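Structure file upload-v2.pdb with PDB, C-alpha atoms:
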ATOM      1  CA  MET A   1     139.096  12.689  -0.610  1.00  0.00           C
ATOM      2  CA  SER A   2     136.285  10.323   0.227  1.00  0.00           C
ATOM      3  CA  SER A   3     136.568   6.585  -0.385  1.00  0.00           C
ATOM      4  CA  ALA A   4     132.797   6.239  -0.851  1.00  0.00           C
ATOM      5  CA  THR A   5     131.662   5.119  -4.269  1.00  0.00           C
ATOM      6  CA  ARG A   6     129.442   7.241  -6.414  1.00  0.00           C
ATOM      7  CA  PRO A   7     125.876   6.084  -6.864  1.00  0.00           C
ATOM      8  CA  THR A   8     125.198   4.527 -10.253  1.00  0.00           C
ATOM      9  CA  PRO A   9     123.533   7.177 -12.409  1.00  0.00           C
ATOM     10  CA  LEU A  10     120.261   6.397 -14.135  1.00  0.00           C
ATOM     11  CA  TRP A  11     121.720   7.125 -17.592  1.00  0.00           C
ATOM     12  CA  PHE A  12     124.357   4.426 -17.077  1.00  0.00           C
ATOM     13  CA  GLU A  13     121.812   1.829 -15.972  1.00  0.00           C
ATOM     14  CA  LEU A  14     119.547   2.627 -18.936  1.00  0.00           C
ATOM     15  CA  TRP A  15     122.491   2.585 -21.373  1.00  0.00           C
ATOM     16  CA  MET A  16     123.788  -0.767 -20.107  1.00  0.00           C
ATOM     17  CA  GLY A  17     120.230  -2.135 -20.149  1.00  0.00           C
ATOM     18  CA  ALA A  18     119.885  -1.107 -23.796  1.00  0.00           C
ATOM     19  CA  ILE A  19     123.277  -2.602 -24.717  1.00  0.00           C
ATOM     20  CA  THR A  20     122.424  -5.814 -22.857  1.00  0.00           C
ATOM     21  CA  THR A  21     119.100  -6.048 -24.699  1.00  0.00           C
ATOM     22  CA  VAL A  22     120.786  -5.580 -28.087  1.00  0.00           C
ATOM     23  CA  ILE A  23     123.417  -8.186 -27.210  1.00  0.00           C
ATOM     24  CA  ALA A  24     120.741 -10.641 -26.049  1.00  0.00           C
ATOM     25  CA  LEU A  25     118.858 -10.169 -29.337  1.00  0.00           C
ATOM     26  CA  LEU A  26     122.039 -10.600 -31.397  1.00  0.00           C
ATOM     27  CA  CYS A  27     122.950 -13.733 -29.408  1.00  0.00           C
ATOM     28  CA  ALA A  28     119.473 -15.205 -29.945  1.00  0.00           C
ATOM     29  CA  ALA A  29     119.564 -14.413 -33.677  1.00  0.00           C
ATOM     30  CA  LEU A  30     123.033 -15.903 -34.010  1.00  0.00           C
ATOM     31  CA  CYS A  31     121.980 -19.070 -32.167  1.00  0.00           C
ATOM     32  CA  TRP A  32     119.050 -19.391 -34.571  1.00  0.00           C
ATOM     33  CA  GLU A  33     121.263 -18.895 -37.633  1.00  0.00           C
ATOM     34  CA  LEU A  34     123.706 -21.506 -36.354  1.00  0.00           C
ATOM     35  CA  ALA A  35     120.948 -23.981 -35.475  1.00  0.00           C
ATOM     36  CA  ALA A  36     119.166 -23.507 -38.800  1.00  0.00           C
ATOM     37  CA  GLN A  37     122.379 -23.456 -40.830  1.00  0.00           C
ATOM     38  CA  GLY A  38     121.556 -19.969 -42.011  1.00  0.00           C
ATOM     39  CA  SER A  39     123.321 -18.110 -44.753  1.00  0.00           C
ATOM     40  CA  PHE A  40     126.959 -17.139 -44.462  1.00  0.00           C
ATOM     41  CA  PRO A  41     126.304 -13.388 -44.965  1.00  0.00           C
ATOM     42  CA  ALA A  42     123.704 -13.388 -42.169  1.00  0.00           C
ATOM     43  CA  LYS A  43     126.141 -15.101 -39.791  1.00  0.00           C
ATOM     44  CA  VAL A  44     128.914 -12.652 -40.689  1.00  0.00           C
ATOM     45  CA  LEU A  45     126.649  -9.644 -40.134  1.00  0.00           C
ATOM     46  CA  LEU A  46     125.527 -11.006 -36.766  1.00  0.00           C
ATOM     47  CA  TRP A  47     129.121 -11.741 -35.671  1.00  0.00           C
ATOM     48  CA  VAL A  48     130.264  -8.264 -36.746  1.00  0.00           C
ATOM     49  CA  GLY A  49     127.300  -6.617 -35.032  1.00  0.00           C
ATOM     50  CA  LEU A  50     127.913  -8.624 -31.871  1.00  0.00           C
ATOM     51  CA  SER A  51     131.611  -7.735 -31.952  1.00  0.00           C
ATOM     52  CA  VAL A  52     130.941  -3.993 -32.298  1.00  0.00           C
ATOM     53  CA  VAL A  53     128.221  -3.874 -29.636  1.00  0.00           C
ATOM     54  CA  GLY A  54     130.277  -6.210 -27.431  1.00  0.00           C
ATOM     55  CA  LEU A  55     133.286  -3.885 -27.634  1.00  0.00           C
ATOM     56  CA  VAL A  56     131.105  -0.937 -26.620  1.00  0.00           C
ATOM     57  CA  ALA A  57     129.680  -3.036 -23.768  1.00  0.00           C
ATOM     58  CA  ILE A  58     133.155  -3.955 -22.520  1.00  0.00           C
ATOM     59  CA  ILE A  59     134.300  -0.325 -22.573  1.00  0.00           C
ATOM     60  CA  PHE A  60     131.255   0.769 -20.581  1.00  0.00           C
ATOM     61  CA  ALA A  61     131.541  -2.267 -18.287  1.00  0.00           C
ATOM     62  CA  ILE A  62     135.059  -1.197 -17.346  1.00  0.00           C
ATOM     63  CA  LEU A  63     133.802   2.334 -16.748  1.00  0.00           C
ATOM     64  CA  GLY A  64     130.931   1.042 -14.604  1.00  0.00           C
ATOM     65  CA  LEU A  65     133.190  -1.211 -12.554  1.00  0.00           C
ATOM     66  CA  ILE A  66     135.858   1.399 -11.924  1.00  0.00           C
ATOM     67  CA  ARG A  67     133.769   4.511 -11.512  1.00  0.00           C
ATOM     68  CA  TYR A  68     130.500   3.247 -10.028  1.00  0.00           C
ATOM     69  CA  HIS A  69     131.318  -0.270  -8.762  1.00  0.00           C
ATOM     70  CA  ALA A  70     128.130  -1.393 -10.530  1.00  0.00           C
ATOM     71  CA  VAL A  71     129.028  -5.059 -10.867  1.00  0.00           C
ATOM     72  CA  LEU A  72     125.714  -6.580 -12.005  1.00  0.00           C
ATOM     73  CA  VAL A  73     124.827  -3.823 -14.473  1.00  0.00           C
ATOM     74  CA  SER A  74     128.366  -3.745 -15.874  1.00  0.00           C
ATOM     75  CA  LEU A  75     128.966  -7.482 -16.276  1.00  0.00           C
ATOM     76  CA  THR A  76     125.614  -8.740 -17.604  1.00  0.00           C
ATOM     77  CA  ALA A  77     126.321  -7.948 -21.279  1.00  0.00           C
ATOM     78  CA  PRO A  78     129.890  -9.333 -21.309  1.00  0.00           C
ATOM     79  CA  LEU A  79     128.685 -12.480 -19.526  1.00  0.00           C
ATOM     80  CA  LEU A  80     126.048 -13.000 -22.220  1.00  0.00           C
ATOM     81  CA  ILE A  81     128.830 -12.932 -24.821  1.00  0.00           C
ATOM     82  CA  VAL A  82     130.881 -15.426 -22.795  1.00  0.00           C
ATOM     83  CA  ALA A  83     127.815 -17.689 -22.516  1.00  0.00           C
ATOM     84  CA  LEU A  84     127.285 -17.487 -26.287  1.00  0.00           C
ATOM     85  CA  ALA A  85     130.944 -18.327 -26.883  1.00  0.00           C
ATOM     86  CA  ALA A  86     130.590 -21.429 -24.684  1.00  0.00           C
ATOM     87  CA  LEU A  87     127.407 -22.491 -26.499  1.00  0.00           C
ATOM     88  CA  VAL A  88     129.087 -22.072 -29.890  1.00  0.00           C
ATOM     89  CA  TRP A  89     132.274 -23.838 -28.735  1.00  0.00           C
ATOM     90  CA  TYR A  90     130.273 -26.882 -27.641  1.00  0.00           C
ATOM     91  CA  GLU A  91     128.042 -26.692 -30.754  1.00  0.00           C
ATOM     92  CA  VAL A  92     124.868 -26.429 -28.684  1.00  0.00           C
ATOM     93  CA  PRO A  93     122.863 -24.461 -31.306  1.00  0.00           C
ATOM     94  CA  GLU A  94     123.721 -26.938 -34.077  1.00  0.00           C
ATOM     95  CA  THR A  95     123.012 -29.971 -31.881  1.00  0.00           C
ATOM     96  CA  THR A  96     119.728 -28.503 -30.673  1.00  0.00           C
ATOM     97  CA  GLY A  97     118.685 -27.670 -34.231  1.00  0.00           C
ATOM     98  CA  TRP A  98     119.399 -31.242 -35.318  1.00  0.00           C
ATOM     99  CA  ARG A  99     117.547 -32.782 -32.359  1.00  0.00           C
ATOM    100  CA  LEU A 100     114.490 -30.641 -33.033  1.00  0.00           C
ATOM    101  CA  SER A 101     114.524 -31.355 -36.772  1.00  0.00           C
ATOM    102  CA  ARG A 102     115.517 -35.009 -36.970  1.00  0.00           C
ATOM    103  CA  PRO A 103     112.052 -36.552 -36.359  1.00  0.00           C
ATOM    104  CA  ILE A 104     110.490 -34.283 -38.984  1.00  0.00           C
ATOM    105  CA  LEU A 105     113.231 -35.051 -41.500  1.00  0.00           C
ATOM    106  CA  GLU A 106     112.871 -38.801 -40.889  1.00  0.00           C
ATOM    107  CA  ASP A 107     109.110 -38.585 -41.478  1.00  0.00           C
ATOM    108  CA  GLN A 108     109.714 -36.702 -44.721  1.00  0.00           C
ATOM    109  CA  ALA A 109     112.472 -39.142 -45.781  1.00  0.00           C
ATOM    110  CA  ALA A 110     110.008 -42.043 -45.786  1.00  0.00           C
ATOM    111  CA  ALA A 111     108.247 -40.621 -48.854  1.00  0.00           C
ATOM    112  CA  CYS A 112     111.200 -38.517 -50.052  1.00  0.00           C
ATOM    113  CA  ALA A 113     108.820 -36.272 -51.979  1.00  0.00           C
ATOM    114  CA  ASN A 114     109.789 -32.728 -52.812  1.00  0.00           C
ATOM    115  CA  PRO A 115     107.071 -30.541 -51.205  1.00  0.00           C
ATOM    116  CA  GLY A 116     107.870 -27.491 -53.313  1.00  0.00           C
ATOM    117  CA  HIS A 117     110.509 -24.885 -53.928  1.00  0.00           C
ATOM    118  CA  ARG A 118     111.303 -24.060 -50.279  1.00  0.00           C
ATOM    119  CA  THR A 119     109.882 -25.421 -47.080  1.00  0.00           C
ATOM    120  CA  ARG A 120     110.808 -25.430 -43.431  1.00  0.00           C
ATOM    121  CA  LEU A 121     111.392 -28.839 -41.886  1.00  0.00           C
ATOM    122  CA  GLY A 122     112.200 -28.394 -38.229  1.00  0.00           C
ATOM    123  CA  VAL A 123     114.597 -25.471 -38.029  1.00  0.00           C
ATOM    124  CA  TYR A 124     116.053 -26.029 -41.515  1.00  0.00           C
ATOM    125  CA  THR A 125     114.918 -24.327 -44.681  1.00  0.00           C
ATOM    126  CA  VAL A 126     114.948 -27.116 -47.248  1.00  0.00           C
ATOM    127  CA  THR A 127     115.268 -25.953 -50.839  1.00  0.00           C
ATOM    128  CA  TYR A 128     114.965 -29.325 -52.572  1.00  0.00           C
ATOM    129  CA  ILE A 129     114.397 -33.017 -51.753  1.00  0.00           C
ATOM    130  CA  THR A 130     115.338 -35.862 -54.103  1.00  0.00           C
ATOM    131  CA  ARG A 131     116.381 -39.526 -54.228  1.00  0.00           C
ATOM    132  CA  ARG A 132     119.960 -40.254 -55.254  1.00  0.00           C
ATOM    133  CA  ASP A 133     122.527 -42.976 -54.555  1.00  0.00           C
ATOM    134  CA  GLY A 134     119.962 -44.956 -52.534  1.00  0.00           C
ATOM    135  CA  ALA A 135     119.318 -42.038 -50.199  1.00  0.00           C
ATOM    136  CA  CYS A 136     116.891 -39.211 -49.661  1.00  0.00           C
ATOM    137  CA  LEU A 137     118.779 -35.924 -50.015  1.00  0.00           C
ATOM    138  CA  PHE A 138     117.650 -32.746 -48.283  1.00  0.00           C
ATOM    139  CA  TYR A 139     119.321 -29.659 -49.748  1.00  0.00           C
ATOM    140  CA  VAL A 140     119.466 -27.043 -46.995  1.00  0.00           C
ATOM    141  CA  SER A 141     121.919 -24.490 -48.326  1.00  0.00           C
ATOM    142  CA  GLY A 142     123.820 -23.777 -51.461  1.00  0.00           C
ATOM    143  CA  GLY A 143     126.336 -21.498 -53.026  1.00  0.00           C
ATOM    144  CA  ALA A 144     127.452 -20.704 -56.528  1.00  0.00           C
ATOM    145  CA  THR A 145     129.480 -23.905 -56.878  1.00  0.00           C
ATOM    146  CA  ASN A 146     128.425 -26.207 -54.015  1.00  0.00           C
ATOM    147  CA  SER A 147     125.158 -27.421 -52.522  1.00  0.00           C
ATOM    148  CA  GLU A 148     124.978 -28.926 -49.058  1.00  0.00           C
ATOM    149  CA  GLY A 149     122.519 -30.824 -46.969  1.00  0.00           C
ATOM    150  CA  PHE A 150     121.520 -34.006 -45.191  1.00  0.00           C
ATOM    151  CA  ALA A 151     121.285 -37.474 -46.734  1.00  0.00           C
ATOM    152  CA  TYR A 152     119.280 -40.297 -45.189  1.00  0.00           C
ATOM    153  CA  PHE A 153     120.502 -43.808 -46.056  1.00  0.00           C
ATOM    154  CA  PRO A 154     117.984 -46.179 -44.454  1.00  0.00           C
ATOM    155  CA  ASP A 155     119.473 -49.437 -45.797  1.00  0.00           C
ATOM    156  CA  SER A 156     123.161 -49.021 -46.557  1.00  0.00           C
ATOM    157  CA  ALA A 157     126.011 -46.632 -45.947  1.00  0.00           C
ATOM    158  CA  PRO A 158     127.552 -44.705 -48.831  1.00  0.00           C
ATOM    159  CA  SER A 159     131.225 -44.462 -49.571  1.00  0.00           C
ATOM    160  CA  THR A 160     132.444 -41.426 -47.691  1.00  0.00           C
ATOM    161  CA  GLY A 161     134.891 -38.738 -48.669  1.00  0.00           C
ATOM    162  CA  SER A 162     135.053 -35.432 -50.457  1.00  0.00           C
ATOM    163  CA  ALA A 163     133.198 -34.820 -53.680  1.00  0.00           C
ATOM    164  CA  GLY A 164     134.893 -34.699 -57.021  1.00  0.00           C
ATOM    165  CA  HIS A 165     133.843 -32.303 -59.768  1.00  0.00           C
ATOM    166  CA  GLY A 166     130.152 -32.862 -60.462  1.00  0.00           C
ATOM    167  CA  GLY A 167     129.858 -35.434 -57.682  1.00  0.00           C
ATOM    168  CA  ILE A 168     128.604 -35.759 -54.141  1.00  0.00           C
ATOM    169  CA  GLY A 169     130.757 -36.348 -51.092  1.00  0.00           C
ATOM    170  CA  TYR A 170     129.225 -37.891 -47.981  1.00  0.00           C
ATOM    171  CA  GLU A 171     130.429 -37.604 -44.377  1.00  0.00           C
ATOM    172  CA  PRO A 172     128.904 -39.618 -41.485  1.00  0.00           C
ATOM    173  CA  PHE A 173     126.667 -37.476 -39.303  1.00  0.00           C
ATOM    174  CA  HIS A 174     124.259 -39.376 -37.044  1.00  0.00           C
ATOM    175  CA  GLY A 175     123.285 -43.017 -37.474  1.00  0.00           C
ATOM    176  CA  SER A 176     121.769 -43.412 -40.948  1.00  0.00           C
ATOM    177  CA  TRP A 177     122.216 -39.685 -41.580  1.00  0.00           C
ATOM    178  CA  TYR A 178     125.084 -38.186 -43.542  1.00  0.00           C
ATOM    179  CA  ARG A 179     126.096 -34.650 -44.438  1.00  0.00           C
ATOM    180  CA  PHE A 180     126.742 -34.151 -48.129  1.00  0.00           C
ATOM    181  CA  THR A 181     128.387 -31.622 -50.383  1.00  0.00           C
ATOM    182  CA  GLU A 182     127.617 -31.598 -54.078  1.00  0.00           C
ATOM    183  CA  ASN A 183     130.110 -29.929 -56.396  1.00  0.00           C
ATOM    184  CA  THR A 184     128.499 -28.600 -59.514  1.00  0.00           C
TER     185      THR A 184
END
Represent the structure contained in this file as structure tokens.
Amino acid sequence: MSSATRPTPLWFELWMGAITTVIALLCAALCWELAAQGSFPAKVLLWVGLSVVGLVAIIFAILGLIRYHAVLVSLTAPLLIVALAALVWYEVPETTGWRLSRPILEDQAAACANPGHRTRLGVYTVTYITRRDGACLFYVSGGATNSEGFAYFPDSAPSTGSAGHGGIGYEPFHGSWYRFTENT
């Protein structure tokens, strides 16, 4: 029996290239959803899709490493998933989304005028802007019972804590910015 490795077949390289492309697209979409504070169902679908395709990639990566010794082709997709995990762990998408959006939100907070039903400010889709409690509130997501967003307090800090029924709870976020949850 020969100890020489088999050459990597073209079908395997094309298959791993396709899987790597799908994983890269899912990772990019998930980073966007995390940065833009996208909807919960979209994040769940992306995580599930990434998990399924990632499992297939790992199975074929093991095959490629054992049978063909194709290290680069086999490990690219799993390494993309590891890189995404590190980015998510260190909250890089969220931080990047905030850094890109903060100047735009601050400009809008000066007038605190609602530009319409939905608008994109930076990476965030803002559904409503209003003045309340001495702040400019930017509603960026909402559910059946709670609405969430950013609050800009230019002059004073609010009392922080969780929201009671029908109230708003503020948590410090960045300087004069606070995250809020409104229970309705």
For the structure provided, state which residues fall under the PyMOL selection byres ((chain A and resi 23) around 12), and present them as a PyMOL selection string.
chain A and resi 16-22+24-30+46-58+76-84
Output the selection as a compact mmCIF listing (two decimals), keeping the file's coordinate frame - C-alpha atoms for each residue.
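The file below, again-v6.txt, is the result:
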# COMPACT_ATOMS: atom_id res chain seq x y z
CA MET A 16 123.79 -0.77 -20.11
CA GLY A 17 120.23 -2.13 -20.15
CA ALA A 18 119.88 -1.11 -23.80
CA ILE A 19 123.28 -2.60 -24.72
CA THR A 20 122.42 -5.81 -22.86
CA THR A 21 119.10 -6.05 -24.70
CA VAL A 22 120.79 -5.58 -28.09
CA ALA A 24 120.74 -10.64 -26.05
CA LEU A 25 118.86 -10.17 -29.34
CA LEU A 26 122.04 -10.60 -31.40
CA CYS A 27 122.95 -13.73 -29.41
CA ALA A 28 119.47 -15.20 -29.94
CA ALA A 29 119.56 -14.41 -33.68
CA LEU A 30 123.03 -15.90 -34.01
CA LEU A 46 125.53 -11.01 -36.77
CA TRP A 47 129.12 -11.74 -35.67
CA VAL A 48 130.26 -8.26 -36.75
CA GLY A 49 127.30 -6.62 -35.03
CA LEU A 50 127.91 -8.62 -31.87
CA SER A 51 131.61 -7.74 -31.95
CA VAL A 52 130.94 -3.99 -32.30
CA VAL A 53 128.22 -3.87 -29.64
CA GLY A 54 130.28 -6.21 -27.43
CA LEU A 55 133.29 -3.88 -27.63
CA VAL A 56 131.10 -0.94 -26.62
CA ALA A 57 129.68 -3.04 -23.77
CA ILE A 58 133.16 -3.96 -22.52
CA THR A 76 125.61 -8.74 -17.60
CA ALA A 77 126.32 -7.95 -21.28
CA PRO A 78 129.89 -9.33 -21.31
CA LEU A 79 128.68 -12.48 -19.53
CA LEU A 80 126.05 -13.00 -22.22
CA ILE A 81 128.83 -12.93 -24.82
CA VAL A 82 130.88 -15.43 -22.80
CA ALA A 83 127.82 -17.69 -22.52
CA LEU A 84 127.28 -17.49 -26.29
With the PyMOL selection byres ((chain A and resi 32) around 10) as the selection, what would be picked from this file? Answer as number ranges by chain, please.
A: 26-31, 33-38, 43, 93-94, 96-97, 123
Please enumerate the residues selected by the PyMOL selection byres ((chain A and resi 68) around 7) when evaluated against the supplied file, formatted as a VMD selection string.
chain A and resid 5 to 8 64 to 67 69 to 70
Dump of C-alpha atoms for the selected residues, as a compact mmCIF listing (two decimals), in the coordinates of the input:
# COMPACT_ATOMS: atom_id res chain seq x y z
CA THR A 5 131.66 5.12 -4.27
CA ARG A 6 129.44 7.24 -6.41
CA PRO A 7 125.88 6.08 -6.86
CA THR A 8 125.20 4.53 -10.25
CA GLY A 64 130.93 1.04 -14.60
CA LEU A 65 133.19 -1.21 -12.55
CA ILE A 66 135.86 1.40 -11.92
CA ARG A 67 133.77 4.51 -11.51
CA HIS A 69 131.32 -0.27 -8.76
CA ALA A 70 128.13 -1.39 -10.53
In Å, with one decimal, what is the gap from atom CA of A:Leu100 to atom CA of A:Tyr178?
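Pair atom CA of A:Leu100 / atom CA of A:Tyr178 returns 16.7 Å.
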Quick one: pull the distance between atom CA of A:Gly175 and atom CA of A:His117, Å, one decimal.
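Going from atom CA of A:Gly175 over to atom CA of A:His117, I get 27.6 Å.
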Can you work out which one of A:Ser176, A:Phe150, A:Cys136, A:Glu13 has the shortest atom-to-atom distance to A:Leu72, counting only C-alpha atoms?
A:Glu13
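Atom CA of A:Thr160 lies 10.9 Å from atom CA of A:Phe173.
Here the question is which of A:Leu63, A:Gly116, A:Gly167, A:Gly149 gets nearest to A:Phe12 using all atoms listed in the file, and that residue is A:Leu63.
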